[in-house]
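What follows is upload.cif (mmCIF, C-alpha atoms and all ligand atoms).
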```cif
data_final
#
loop_
_atom_site.group_PDB
_atom_site.id
_atom_site.type_symbol
_atom_site.label_atom_id
_atom_site.label_comp_id
_atom_site.auth_asym_id
_atom_site.auth_seq_id
_atom_site.Cartn_x
_atom_site.Cartn_y
_atom_site.Cartn_z
ATOM 1 C CA MET A 302 -13.660 8.402 0.061
ATOM 2 C CA ASP A 303 -10.883 10.912 0.637
ATOM 3 C CA ILE A 304 -8.362 10.178 3.373
ATOM 4 C CA VAL A 305 -7.166 13.343 5.082
ATOM 5 C CA PHE A 306 -4.314 13.524 7.595
ATOM 6 C CA SER A 307 -4.142 16.911 9.367
ATOM 7 C CA GLU A 308 -1.059 17.795 11.412
ATOM 8 C CA VAL A 309 -0.703 14.232 12.612
ATOM 9 C CA GLU A 310 1.949 13.187 15.080
ATOM 10 C CA TYR A 311 2.347 9.659 16.391
ATOM 11 C CA ARG A 312 4.394 8.644 19.421
ATOM 12 C CA TYR A 313 5.052 5.018 20.337
ATOM 13 C CA MET A 314 5.231 4.314 24.085
ATOM 14 C CA GLN A 315 4.128 7.840 24.834
ATOM 15 C CA GLY A 316 5.081 9.121 28.244
ATOM 16 C CA THR A 317 7.717 6.437 28.870
ATOM 17 C CA PRO A 318 11.510 6.773 28.675
ATOM 18 C CA PHE A 319 11.258 4.744 25.417
ATOM 19 C CA GLU A 320 8.986 7.241 23.681
ATOM 20 C CA LYS A 321 9.564 7.357 19.923
ATOM 21 C CA VAL A 322 8.087 9.973 17.585
ATOM 22 C CA ALA A 323 7.315 8.006 14.423
ATOM 23 C CA LEU A 324 5.203 10.589 12.537
ATOM 24 C CA LYS A 325 5.727 14.330 12.669
ATOM 25 C CA ASP A 326 3.495 17.163 11.490
ATOM 26 C CA LEU A 327 1.911 15.082 8.778
ATOM 27 C CA SER A 328 -0.697 16.748 6.581
ATOM 28 C CA ILE A 329 -1.632 14.925 3.417
ATOM 29 C CA THR A 330 -4.699 13.951 1.381
ATOM 30 C CA ILE A 331 -5.173 10.689 -0.464
ATOM 31 C CA PRO A 332 -7.891 11.442 -3.009
ATOM 32 C CA SER A 333 -10.836 9.105 -3.404
ATOM 33 C CA GLY A 334 -10.288 6.581 -6.197
ATOM 34 C CA SER A 335 -6.537 7.217 -6.473
ATOM 35 C CA PHE A 336 -3.740 4.661 -6.498
ATOM 36 C CA THR A 337 -1.193 6.035 -4.055
ATOM 37 C CA ALA A 338 2.240 4.545 -3.440
ATOM 38 C CA VAL A 339 4.008 5.158 -0.133
ATOM 39 C CA ILE A 340 7.768 4.760 -0.260
ATOM 40 C CA GLY A 341 10.612 5.418 2.131
ATOM 41 C CA HIS A 342 13.524 3.569 3.675
ATOM 42 C CA THR A 343 13.158 1.228 6.658
ATOM 43 C CA GLY A 344 11.893 2.994 9.755
ATOM 44 C CA SER A 345 10.700 6.108 7.892
ATOM 45 C CA GLY A 346 7.129 5.718 9.208
ATOM 46 C CA LYS A 347 5.232 4.015 6.370
ATOM 47 C CA SER A 348 3.607 1.259 8.449
ATOM 48 C CA THR A 349 2.767 3.676 11.247
ATOM 49 C CA PHE A 350 1.102 5.911 8.643
ATOM 50 C CA ILE A 351 -1.068 3.233 7.064
ATOM 51 C CA GLN A 352 -2.153 1.774 10.400
ATOM 52 C CA HIS A 353 -3.917 5.085 11.061
ATOM 53 C CA ILE A 354 -6.107 4.528 7.992
ATOM 54 C CA ASN A 355 -8.029 1.606 9.492
ATOM 55 C CA GLY A 356 -7.860 2.768 13.101
ATOM 56 C CA LEU A 357 -5.241 0.281 14.304
ATOM 57 C CA LEU A 358 -3.358 3.335 15.552
ATOM 58 C CA ARG A 359 -4.854 6.666 16.579
ATOM 59 C CA PRO A 360 -2.972 9.954 16.263
ATOM 60 C CA SER A 361 -1.136 11.343 19.308
ATOM 61 C CA ALA A 362 -1.803 14.814 17.860
ATOM 62 C CA GLY A 363 -3.885 16.061 14.936
ATOM 63 C CA SER A 364 -6.626 14.143 13.145
ATOM 64 C CA VAL A 365 -7.229 11.514 10.486
ATOM 65 C CA LYS A 366 -10.414 11.520 8.418
ATOM 66 C CA VAL A 367 -11.459 8.583 6.263
ATOM 67 C CA GLY A 368 -14.607 9.708 4.471
ATOM 68 C CA SER A 369 -16.835 11.002 7.246
ATOM 69 C CA PHE A 370 -15.113 8.939 9.964
ATOM 70 C CA GLU A 371 -12.782 11.112 12.018
ATOM 71 C CA MET A 372 -10.144 10.039 14.523
ATOM 72 C CA LYS A 373 -8.856 12.878 16.645
ATOM 73 C CA ALA A 374 -6.086 12.925 19.205
ATOM 74 C CA GLY A 375 -7.359 13.058 22.745
ATOM 75 C CA LYS A 376 -10.777 11.592 21.886
ATOM 76 C CA LYS A 377 -11.907 8.652 23.989
ATOM 77 C CA LYS A 378 -11.531 5.195 22.434
ATOM 78 C CA GLN A 379 -13.725 5.021 19.335
ATOM 79 C CA ASP A 380 -15.642 2.115 17.877
ATOM 80 C CA VAL A 381 -13.787 1.500 14.610
ATOM 81 C CA ARG A 382 -16.031 -1.305 13.348
ATOM 82 C CA GLU A 383 -17.712 0.901 10.724
ATOM 83 C CA LEU A 384 -14.286 2.062 9.558
ATOM 84 C CA ARG A 385 -13.012 -1.518 9.232
ATOM 85 C CA LYS A 386 -15.940 -2.326 6.898
ATOM 86 C CA GLU A 387 -14.645 0.346 4.552
ATOM 87 C CA VAL A 388 -10.889 -0.151 4.863
ATOM 88 C CA GLY A 389 -9.303 -3.480 3.962
ATOM 89 C CA LEU A 390 -5.724 -3.879 5.146
ATOM 90 C CA VAL A 391 -3.426 -6.479 3.597
ATOM 91 C CA PHE A 392 -0.481 -6.885 5.945
ATOM 92 C CA GLN A 393 2.973 -8.083 5.010
ATOM 93 C CA TYR A 394 2.847 -11.884 4.837
ATOM 94 C CA PRO A 395 -0.987 -11.966 5.094
ATOM 95 C CA GLU A 396 -0.841 -15.773 4.867
ATOM 96 C CA HIS A 397 0.234 -15.817 8.529
ATOM 97 C CA GLN A 398 -3.239 -14.637 9.504
ATOM 98 C CA LEU A 399 -5.194 -17.567 8.109
ATOM 99 C CA PHE A 400 -6.829 -19.586 10.846
ATOM 100 C CA GLU A 401 -10.052 -21.274 9.652
ATOM 101 C CA GLU A 402 -10.252 -24.964 8.793
ATOM 102 C CA THR A 403 -11.258 -24.398 5.145
ATOM 103 C CA VAL A 404 -10.374 -21.819 2.514
ATOM 104 C CA GLU A 405 -14.055 -20.960 2.073
ATOM 105 C CA LYS A 406 -14.502 -20.236 5.794
ATOM 106 C CA ASP A 407 -11.400 -18.083 5.815
ATOM 107 C CA ILE A 408 -12.541 -15.969 2.870
ATOM 108 C CA CYS A 409 -16.069 -15.673 4.288
ATOM 109 C CA PHE A 410 -14.955 -14.767 7.812
ATOM 110 C CA GLY A 411 -14.803 -10.985 7.255
ATOM 111 C CA PRO A 412 -18.089 -10.502 5.377
ATOM 112 C CA ILE A 413 -20.018 -12.800 7.762
ATOM 113 C CA ASN A 414 -18.517 -10.957 10.712
ATOM 114 C CA PHE A 415 -19.831 -7.716 9.176
ATOM 115 C CA GLY A 416 -23.335 -9.186 8.858
ATOM 116 C CA LEU A 417 -23.475 -10.633 5.332
ATOM 117 C CA PRO A 418 -25.620 -13.807 5.135
ATOM 118 C CA LYS A 419 -23.568 -17.001 4.761
ATOM 119 C CA GLU A 420 -24.858 -17.832 1.252
ATOM 120 C CA LYS A 421 -23.970 -14.393 -0.080
ATOM 121 C CA ALA A 422 -20.523 -14.596 1.499
ATOM 122 C CA SER A 423 -19.975 -18.015 -0.134
ATOM 123 C CA ARG A 424 -20.996 -16.582 -3.501
ATOM 124 C CA ARG A 425 -18.497 -13.773 -3.059
ATOM 125 C CA ALA A 426 -15.770 -16.273 -2.161
ATOM 126 C CA LYS A 427 -16.452 -18.233 -5.378
ATOM 127 C CA GLU A 428 -16.451 -15.082 -7.495
ATOM 128 C CA LEU A 429 -13.163 -13.901 -6.014
ATOM 129 C CA LEU A 430 -11.210 -17.097 -6.638
ATOM 130 C CA PRO A 431 -10.451 -16.531 -10.352
ATOM 131 C CA LEU A 432 -9.579 -12.925 -9.594
ATOM 132 C CA VAL A 433 -6.855 -13.970 -7.171
ATOM 133 C CA GLY A 434 -5.764 -16.831 -9.460
ATOM 134 C CA LEU A 435 -7.152 -19.825 -7.553
ATOM 135 C CA GLU A 436 -9.286 -22.780 -8.691
ATOM 136 C CA GLU A 437 -12.690 -23.465 -7.134
ATOM 137 C CA GLU A 438 -11.479 -26.851 -5.848
ATOM 138 C CA VAL A 439 -9.403 -25.148 -3.143
ATOM 139 C CA LEU A 440 -12.532 -23.883 -1.341
ATOM 140 C CA ALA A 441 -12.958 -27.091 0.640
ATOM 141 C CA SER A 442 -9.240 -27.530 1.394
ATOM 142 C CA SER A 443 -7.500 -26.525 4.545
ATOM 143 C CA PRO A 444 -5.541 -23.327 3.802
ATOM 144 C CA PHE A 445 -2.583 -24.988 5.503
ATOM 145 C CA GLN A 446 -2.393 -27.648 2.758
ATOM 146 C CA LEU A 447 -1.731 -24.971 0.135
ATOM 147 C CA SER A 448 1.558 -23.521 -1.048
ATOM 148 C CA GLY A 449 2.768 -20.245 0.466
ATOM 149 C CA GLY A 450 1.767 -18.318 -2.678
ATOM 150 C CA GLN A 451 -1.728 -19.852 -2.686
ATOM 151 C CA MET A 452 -2.154 -19.101 1.019
ATOM 152 C CA ARG A 453 -1.326 -15.478 0.344
ATOM 153 C CA ARG A 454 -3.970 -15.374 -2.392
ATOM 154 C CA VAL A 455 -6.570 -16.832 -0.004
ATOM 155 C CA ALA A 456 -5.730 -14.177 2.592
ATOM 156 C CA ILE A 457 -6.040 -11.433 -0.032
ATOM 157 C CA ALA A 458 -9.406 -12.827 -1.179
ATOM 158 C CA GLY A 459 -10.521 -12.619 2.470
ATOM 159 C CA VAL A 460 -9.779 -8.880 2.509
ATOM 160 C CA LEU A 461 -11.373 -8.248 -0.904
ATOM 161 C CA ALA A 462 -14.462 -10.171 0.246
ATOM 162 C CA ILE A 463 -15.491 -7.310 2.524
ATOM 163 C CA GLU A 464 -15.616 -5.145 -0.644
ATOM 164 C CA PRO A 465 -13.687 -2.288 0.944
ATOM 165 C CA SER A 466 -13.843 1.243 -0.458
ATOM 166 C CA VAL A 467 -10.211 1.664 0.579
ATOM 167 C CA LEU A 468 -7.567 -1.014 0.126
ATOM 168 C CA VAL A 469 -4.325 -0.610 2.053
ATOM 169 C CA LEU A 470 -1.476 -2.893 0.988
ATOM 170 C CA ASP A 471 1.660 -3.197 3.100
ATOM 171 C CA GLU A 472 4.309 -4.713 0.803
ATOM 172 C CA PRO A 473 1.862 -7.337 -0.501
ATOM 173 C CA ALA A 474 4.492 -8.822 -2.817
ATOM 174 C CA ALA A 475 7.223 -9.110 -0.163
ATOM 175 C CA SER A 476 9.525 -12.093 -0.713
ATOM 176 C CA LEU A 477 7.934 -13.104 -4.047
ATOM 177 C CA ASP A 478 10.167 -13.674 -7.074
ATOM 178 C CA PRO A 479 9.977 -11.010 -9.841
ATOM 179 C CA GLU A 480 7.307 -12.924 -11.755
ATOM 180 C CA GLY A 481 5.205 -13.497 -8.635
ATOM 181 C CA ARG A 482 5.558 -9.838 -7.717
ATOM 182 C CA GLN A 483 4.462 -8.764 -11.165
ATOM 183 C CA GLN A 484 1.386 -11.044 -10.999
ATOM 184 C CA MET A 485 0.475 -9.800 -7.530
ATOM 185 C CA MET A 486 0.818 -6.151 -8.517
ATOM 186 C CA SER A 487 -1.231 -6.677 -11.692
ATOM 187 C CA LEU A 488 -3.960 -8.301 -9.600
ATOM 188 C CA PHE A 489 -4.245 -5.229 -7.366
ATOM 189 C CA TYR A 490 -3.946 -2.788 -10.231
ATOM 190 C CA GLU A 491 -6.706 -4.488 -12.230
ATOM 191 C CA TYR A 492 -8.906 -4.661 -9.118
ATOM 192 C CA HIS A 493 -8.327 -0.942 -8.592
ATOM 193 C CA GLN A 494 -9.111 -0.131 -12.235
ATOM 194 C CA ARG A 495 -12.289 -2.205 -12.215
ATOM 195 C CA ASN A 496 -13.693 -1.101 -8.852
ATOM 196 C CA LYS A 497 -12.172 2.372 -8.511
ATOM 197 C CA THR A 498 -11.119 1.351 -5.013
ATOM 198 C CA THR A 499 -8.889 3.936 -3.332
ATOM 199 C CA THR A 500 -5.635 1.998 -3.086
ATOM 200 C CA VAL A 501 -2.671 2.756 -0.829
ATOM 201 C CA LEU A 502 0.400 0.647 -1.543
ATOM 202 C CA VAL A 503 3.469 0.573 0.684
ATOM 203 C CA THR A 504 6.424 -0.570 -1.361
ATOM 204 C CA HIS A 505 10.203 -0.533 -1.430
ATOM 205 C CA HIS A 506 10.077 -0.847 -5.212
ATOM 206 C CA MET A 507 10.222 2.472 -6.964
ATOM 207 C CA GLU A 508 9.480 0.636 -10.228
ATOM 208 C CA ASP A 509 6.074 -0.395 -8.874
ATOM 209 C CA ALA A 510 5.390 3.133 -7.643
ATOM 210 C CA ALA A 511 6.284 4.549 -11.074
ATOM 211 C CA LYS A 512 4.268 1.930 -12.910
ATOM 212 C CA TYR A 513 1.017 1.858 -10.975
ATOM 213 C CA ALA A 514 0.593 4.935 -8.801
ATOM 214 C CA ASP A 515 -0.929 8.247 -9.745
ATOM 215 C CA GLN A 516 0.270 9.757 -6.471
ATOM 216 C CA ILE A 517 3.575 8.973 -4.746
ATOM 217 C CA ILE A 518 4.274 9.914 -1.132
ATOM 218 C CA VAL A 519 7.909 9.728 -0.050
ATOM 219 C CA PHE A 520 8.560 9.363 3.677
ATOM 220 C CA HIS A 521 11.790 10.296 5.375
ATOM 221 C CA GLU A 522 12.340 10.207 9.136
ATOM 222 C CA GLY A 523 8.631 10.336 9.970
ATOM 223 C CA ARG A 524 7.854 13.243 7.654
ATOM 224 C CA VAL A 525 6.538 13.578 4.126
ATOM 225 C CA GLU A 526 9.671 14.408 2.164
ATOM 226 C CA MET A 527 7.824 14.865 -1.122
ATOM 227 C CA VAL A 528 4.519 14.107 -2.753
ATOM 228 C CA GLY A 529 3.477 14.191 -6.389
ATOM 229 C CA GLY A 530 2.824 12.264 -9.559
ATOM 230 C CA ARG A 531 5.228 9.923 -11.340
ATOM 231 C CA GLU A 532 7.307 12.822 -12.638
ATOM 232 C CA LEU A 533 8.553 13.237 -9.067
ATOM 233 C CA ILE A 534 10.841 10.235 -9.615
ATOM 234 C CA PHE A 535 12.365 11.811 -12.707
ATOM 235 C CA GLU A 536 12.723 15.243 -11.203
ATOM 236 C CA HIS A 537 14.051 14.362 -7.772
ATOM 237 C CA ALA A 538 16.172 11.325 -8.575
ATOM 238 C CA GLN A 539 19.207 12.803 -6.819
ATOM 239 C CA ARG A 540 17.344 13.649 -3.589
ATOM 240 C CA LEU A 541 15.729 10.210 -3.608
ATOM 241 C CA ASN A 542 19.187 8.675 -3.829
ATOM 242 C CA GLU A 543 20.408 10.892 -0.992
ATOM 243 C CA ILE A 544 17.689 9.598 1.318
ATOM 244 C CA GLY A 545 18.567 6.015 0.509
ATOM 245 C CA LEU A 546 16.009 5.199 -2.166
ATOM 246 C CA ASP A 547 17.033 3.478 -5.332
ATOM 247 C CA VAL A 548 15.503 5.095 -8.427
ATOM 248 C CA PRO A 549 14.528 2.746 -11.280
ATOM 249 C CA LYS A 550 17.294 1.831 -13.711
ATOM 250 C CA SER A 551 15.288 3.427 -16.505
ATOM 251 C CA VAL A 552 15.422 6.790 -14.692
ATOM 252 C CA ARG A 553 19.196 6.430 -14.457
ATOM 253 C CA PHE A 554 19.112 5.640 -18.166
ATOM 254 C CA LEU A 555 17.278 8.911 -18.768
ATOM 255 C CA HIS A 556 19.900 10.855 -16.815
ATOM 256 C CA ASN A 557 22.755 9.170 -18.676
ATOM 257 C CA PHE A 558 20.974 9.894 -21.945
ATOM 258 C CA GLN A 559 20.615 13.579 -21.039
ATOM 259 C CA GLU A 560 24.259 13.740 -20.022
ATOM 260 C CA ARG A 561 25.529 11.913 -23.124
ATOM 261 C CA PHE A 562 23.721 14.278 -25.489
ATOM 262 C CA HIS A 563 24.113 17.392 -23.313
ATOM 263 C CA LEU A 564 20.362 17.658 -22.912
ATOM 264 C CA HIS A 565 20.357 18.817 -19.299
ATOM 265 C CA GLU A 566 19.595 22.366 -20.304
ATOM 266 C CA VAL A 567 16.853 21.315 -22.714
ATOM 267 C CA PRO A 568 13.456 21.291 -21.042
ATOM 268 C CA MET A 569 11.908 17.852 -21.546
ATOM 269 C CA SER A 570 8.174 17.382 -21.397
ATOM 270 C CA PHE A 571 6.760 14.692 -19.146
ATOM 271 C CA GLU A 572 5.874 12.692 -22.290
ATOM 272 C CA MET A 573 9.508 12.794 -23.460
ATOM 273 C CA LYS A 574 10.658 11.595 -20.064
ATOM 274 C CA GLU A 575 8.083 8.803 -20.131
ATOM 275 C CA THR A 576 9.323 7.761 -23.573
ATOM 276 C CA ALA A 577 12.903 7.616 -22.308
ATOM 277 C CA HIS A 578 11.647 5.740 -19.256
ATOM 278 C CA PHE A 579 9.874 3.274 -21.570
ATOM 279 C CA LEU A 580 13.035 2.864 -23.678
ATOM 280 C CA GLY A 581 14.967 2.173 -20.507
ATOM 281 C CA ASN A 582 12.501 -0.588 -19.660
ATOM 282 C CA VAL A 583 12.777 -2.049 -23.160
ATOM 283 C CA LEU A 584 16.557 -2.133 -22.793
ATOM 284 C CA LYS A 585 16.107 -3.883 -19.467
ATOM 285 C CA GLY A 586 13.932 -6.448 -21.268
ATOM 286 C CA GLU A 587 10.697 -5.646 -19.366
HETATM 287 N N1 LIG B 601 5.805 -0.923 18.270
HETATM 288 C C1 LIG B 601 6.788 -0.014 18.230
HETATM 289 N N2 LIG B 601 7.336 0.474 19.342
HETATM 290 C C2 LIG B 601 8.300 1.405 19.306
HETATM 291 N N3 LIG B 601 8.796 1.964 18.179
HETATM 292 C C3 LIG B 601 8.287 1.519 17.035
HETATM 293 C C4 LIG B 601 7.264 0.519 16.979
HETATM 294 N N4 LIG B 601 6.956 0.277 15.682
HETATM 295 C C5 LIG B 601 7.747 1.085 14.964
HETATM 296 N N5 LIG B 601 8.547 1.826 15.759
HETATM 297 C C6 LIG B 601 9.532 2.824 15.329
HETATM 298 O O1 LIG B 601 8.844 3.860 14.616
HETATM 299 C C7 LIG B 601 9.590 4.282 13.478
HETATM 300 C C8 LIG B 601 8.744 4.085 12.225
HETATM 301 O O2 LIG B 601 8.536 2.692 12.046
HETATM 302 P P1 LIG B 601 7.635 2.093 10.877
HETATM 303 O O3 LIG B 601 7.491 0.629 11.127
HETATM 304 O O4 LIG B 601 6.389 2.894 10.726
HETATM 305 O O5 LIG B 601 8.584 2.345 9.610
HETATM 306 P P2 LIG B 601 8.501 1.716 8.146
HETATM 307 O O6 LIG B 601 8.852 2.810 7.206
HETATM 308 O O7 LIG B 601 7.207 1.045 7.944
HETATM 309 O O8 LIG B 601 9.674 0.634 8.171
HETATM 310 P P3 LIG B 601 9.781 -0.774 7.364
HETATM 311 O O9 LIG B 601 9.980 -0.435 5.927
HETATM 312 O O10 LIG B 601 10.991 -1.409 7.982
HETATM 313 O O11 LIG B 601 8.519 -1.556 7.620
HETATM 314 C C9 LIG B 601 10.877 3.444 13.484
HETATM 315 O O12 LIG B 601 11.890 4.211 14.094
HETATM 316 C C10 LIG B 601 10.517 2.242 14.330
HETATM 317 O O13 LIG B 601 11.661 1.733 14.997
#
```
Transcribe the structure of this file into structure tokens.
Ligand SMILES: Nc1ncnc2c1ncn2[C@@H]1O[C@H](COP(=O)(O)OP(=O)(O)OP(=O)(O)O)[C@@H](O)[C@H]1O
Amino acid sequence: MDIVFSEVEYRYMQGTPFEKVALKDLSITIPSGSFTAVIGHTGSGKSTFIQHINGLLRPSAGSVKVGSFEMKAGKKKQDVRELRKEVGLVFQYPEHQLFEETVEKDICFGPINFGLPKEKASRRAKELLPLVGLEEEVLASSPFQLSGGQMRRVAIAGVLAIEPSVLVLDEPAASLDPEGRQQMMSLFYEYHQRNKTTTVLVTHHMEDAAKYADQIIVFHEGRVEMVGGRELIFEHAQRLNEIGLDVPKSVRFLHNFQERFHLHEVPMSFEMKETAHFLGNVLKGE
């Protein structure tokens, strides 16, 4: 399902002396089935943006449509239950939201809450375990006996168990070491490839955006600064640096390469840039 933001504004603490405009004049579409990365420096509005997708926040002006579900400013409080069945949100540090006494109950909580019979929910939990890299034995354990990494995987399985059409990920690999981050990102990418789930990833890592996303949205001071495919990182490296975002080393490699061989004036196709990008990664040992 397409996600369409139309002229959205969001104000925290509206009408108080502490009012803060966090999103301004935001019009953007996230196409159904895409993998979209949302990047921007701290405080640029990324979390505020994604919380509109599952109805945690409602626009102060404008409208947000997720499939046929529309949230409009000024409308009375809406029942967002139907929306929550479709949109799974993995928060930063999702392991902090575990609360049931067993892993199985935690994974099954969402689907049972949305009306799935207990046996079917249990089957889903079992099927999801290998996907998130856990053994079946953990089902009967308390989630609080597991390691931090395992707890995070349980929490993610709990979101996937509702089989959402849209998966929103807020820095799901935060605080993991590079290998853990790589594993976590591969998990989501493979899930996206297999299920064609519309995926929205908030990340500080431009490398992940370049590697996995087919659409990149760059936020700056509550506005969309730029939006486009991966080539955006190659073509706007300087502007990205100006707004405090670190472009991947391989993109810097490409620029150095162009400079070294005086290729700035030579138009390079996207494929050539990707090749240089790839070479940069090889040199980095990735
Ligand atoms: N609950 C709140 N009350 C008031 N202001 C808030 C609140 N949450 C966020 N803000 C402000 O809104 C702006 C956007 O914040 P937001 O959390 O969406 O940014 P972000 O890009 O997700 O940042 P980060 O990368 O640090 O998570 C910031 O100026 C922030 O201080």
Hey, which bits of chain A sit within 10 Å of ligand LIG 601 (chain B), and for each residue what's the closest pair of atoms and how far apart in Å (one decimal), counting only C-alpha atoms and all ligand atoms, rows by chain and increasing number, as CSV?
```
residue,atom,partner,partner_atom,distance
A:Tyr311,CA,B:LIG601,O1,8.9
A:Arg312,CA,B:LIG601,N3,8.1
A:Tyr313,CA,B:LIG601,C2,5.0
A:Met314,CA,B:LIG601,C2,6.4
A:Gln315,CA,B:LIG601,C2,9.5
A:Phe319,CA,B:LIG601,C2,7.6
A:Glu320,CA,B:LIG601,C2,7.3
A:Lys321,CA,B:LIG601,N3,5.7
A:Val322,CA,B:LIG601,O1,6.8
A:Ala323,CA,B:LIG601,O1,4.4
A:Leu324,CA,B:LIG601,C8,7.4
A:Val339,CA,B:LIG601,O6,9.1
A:Ile340,CA,B:LIG601,O6,7.8
A:Gly341,CA,B:LIG601,O6,6.0
A:His342,CA,B:LIG601,O9,5.8
A:Thr343,CA,B:LIG601,O9,3.7
A:Gly344,CA,B:LIG601,O5,3.4
A:Ser345,CA,B:LIG601,O6,3.8
A:Gly346,CA,B:LIG601,O4,3.3
A:Lys347,CA,B:LIG601,O7,3.9
A:Ser348,CA,B:LIG601,O7,3.6
A:Thr349,CA,B:LIG601,O4,3.7
A:Phe350,CA,B:LIG601,O4,6.4
A:Ile351,CA,B:LIG601,O4,8.3
A:Gln352,CA,B:LIG601,O4,8.6
A:Gln393,CA,B:LIG601,O11,9.0
A:Asp471,CA,B:LIG601,O11,8.4
A:Glu472,CA,B:LIG601,O11,8.6
A:Val503,CA,B:LIG601,O7,8.2
A:Thr504,CA,B:LIG601,O9,8.1
A:His505,CA,B:LIG601,O9,7.4
A:Phe520,CA,B:LIG601,O6,7.4
A:His521,CA,B:LIG601,O6,8.2
A:Glu522,CA,B:LIG601,C8,7.7
A:Gly523,CA,B:LIG601,C8,6.6
```
Rounded to one decimal place, report the CA of Lys378 (chain A)-CA of Leu357 (chain A) distance in Å. 11.4 Å
Translate the PyMOL selection byres (((chain A and resi 456-460) around 8) and not hetatm), as applied to the file shown, into an explicit residue set as a count of residues only. 25
For region 367-370 of chain A, find every residue with an atom within 12 Å (counting only C-alpha atoms), except residues of its own chain fewer than 3 positions away, and show them as a ChimeraX atom specification. /A:302-307,330-334,351,353-356,364,373,379-388,466-467,499
Residue contacts of Val501 (chain A) (7 Å, only C-alpha atoms) excluding same-chain residues fewer than 3 positions away, as a ChimeraX atom specification: /A:336-338,468-470
Would you put the residues from that selection into a file with C-alpha atoms, as a short mmCIF file (atom, residue, chain, number, x, y, z; two decimals), in the coordinates of the input?
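The resulting part_13.cif:
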```
data_model
loop_
_atom_site.label_atom_id
_atom_site.label_comp_id
_atom_site.auth_asym_id
_atom_site.auth_seq_id
_atom_site.Cartn_x
_atom_site.Cartn_y
_atom_site.Cartn_z
CA PHE A 336 -3.74 4.66 -6.50
CA THR A 337 -1.19 6.04 -4.06
CA ALA A 338 2.24 4.54 -3.44
CA LEU A 468 -7.57 -1.01 0.13
CA VAL A 469 -4.32 -0.61 2.05
CA LEU A 470 -1.48 -2.89 0.99
#
```
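Counting from CA of Leu502 (chain A), the distance to CA of Met372 (chain A) is 21.4 Å.
Close contacts of region 436-447 of chain A, defined as residues with an atom at most 7 Å away when counting only C-alpha atoms, with chain neighbours fewer than 3 positions off set aside, comprise A:Glu402, A:Thr403, A:Val404, A:Glu405, A:Lys427, A:Leu430, A:Pro431, A:Gln451, A:Met452.
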Preceding selection exported with C-alpha atoms as a PDB file, in the coordinates of the input:
```pdb
ATOM      1  CA  GLU A 402     -10.252 -24.964   8.793  1.00  0.00           C
ATOM      2  CA  THR A 403     -11.258 -24.398   5.145  1.00  0.00           C
ATOM      3  CA  VAL A 404     -10.374 -21.819   2.514  1.00  0.00           C
ATOM      4  CA  GLU A 405     -14.055 -20.960   2.073  1.00  0.00           C
ATOM      5  CA  LYS A 427     -16.452 -18.233  -5.378  1.00  0.00           C
ATOM      6  CA  LEU A 430     -11.210 -17.097  -6.638  1.00  0.00           C
ATOM      7  CA  PRO A 431     -10.451 -16.531 -10.352  1.00  0.00           C
ATOM      8  CA  GLN A 451      -1.728 -19.852  -2.686  1.00  0.00           C
ATOM      9  CA  MET A 452      -2.154 -19.101   1.019  1.00  0.00           C
TER      10      MET A 452
END
```
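Atom pair CA of His493 (chain A) / CA of Glu526 (chain A): separated by 26.0 Å.
Comparing A:Pro549, A:Glu420, A:Ser335, A:Tyr394 by their smallest distance to Leu477 (chain A), the closest is A:Tyr394 (using only C-alpha atoms).
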What would the file be for region 516-525 of chain A if you keep N, CA and C atoms and write it as a tab-separated table (two decimals), in the first residue's frame?
```tsv
chain	number	residue	atom	x	y	z
A	516	GLN	N	14.64	3.90	-2.47
A	516	GLN	CA	14.30	5.33	-2.36
A	516	GLN	C	14.95	5.87	-1.07
A	517	ILE	N	15.58	7.03	-1.17
A	517	ILE	CA	16.19	7.64	0.01
A	517	ILE	C	15.55	9.00	0.22
A	518	ILE	N	15.08	9.23	1.46
A	518	ILE	CA	14.52	10.54	1.81
A	518	ILE	C	15.48	11.18	2.80
A	519	VAL	N	15.95	12.37	2.49
A	519	VAL	CA	16.87	13.07	3.39
A	519	VAL	C	16.11	14.20	4.09
A	520	PHE	N	16.10	14.15	5.42
A	520	PHE	CA	15.44	15.19	6.21
A	520	PHE	C	16.46	16.21	6.68
A	521	HIS	N	16.00	17.45	6.72
A	521	HIS	CA	16.84	18.52	7.29
A	521	HIS	C	15.90	19.56	7.89
A	522	GLU	N	16.05	19.78	9.18
A	522	GLU	CA	15.24	20.77	9.90
A	522	GLU	C	13.74	20.64	9.62
A	523	GLY	N	13.24	19.41	9.70
A	523	GLY	CA	11.80	19.18	9.58
A	523	GLY	C	11.26	19.18	8.17
A	524	ARG	N	12.13	19.33	7.19
A	524	ARG	CA	11.69	19.33	5.79
A	524	ARG	C	12.41	18.22	5.03
A	525	VAL	N	11.79	17.84	3.87
A	525	VAL	CA	12.49	16.92	2.99
A	525	VAL	C	13.50	17.73	2.19
```
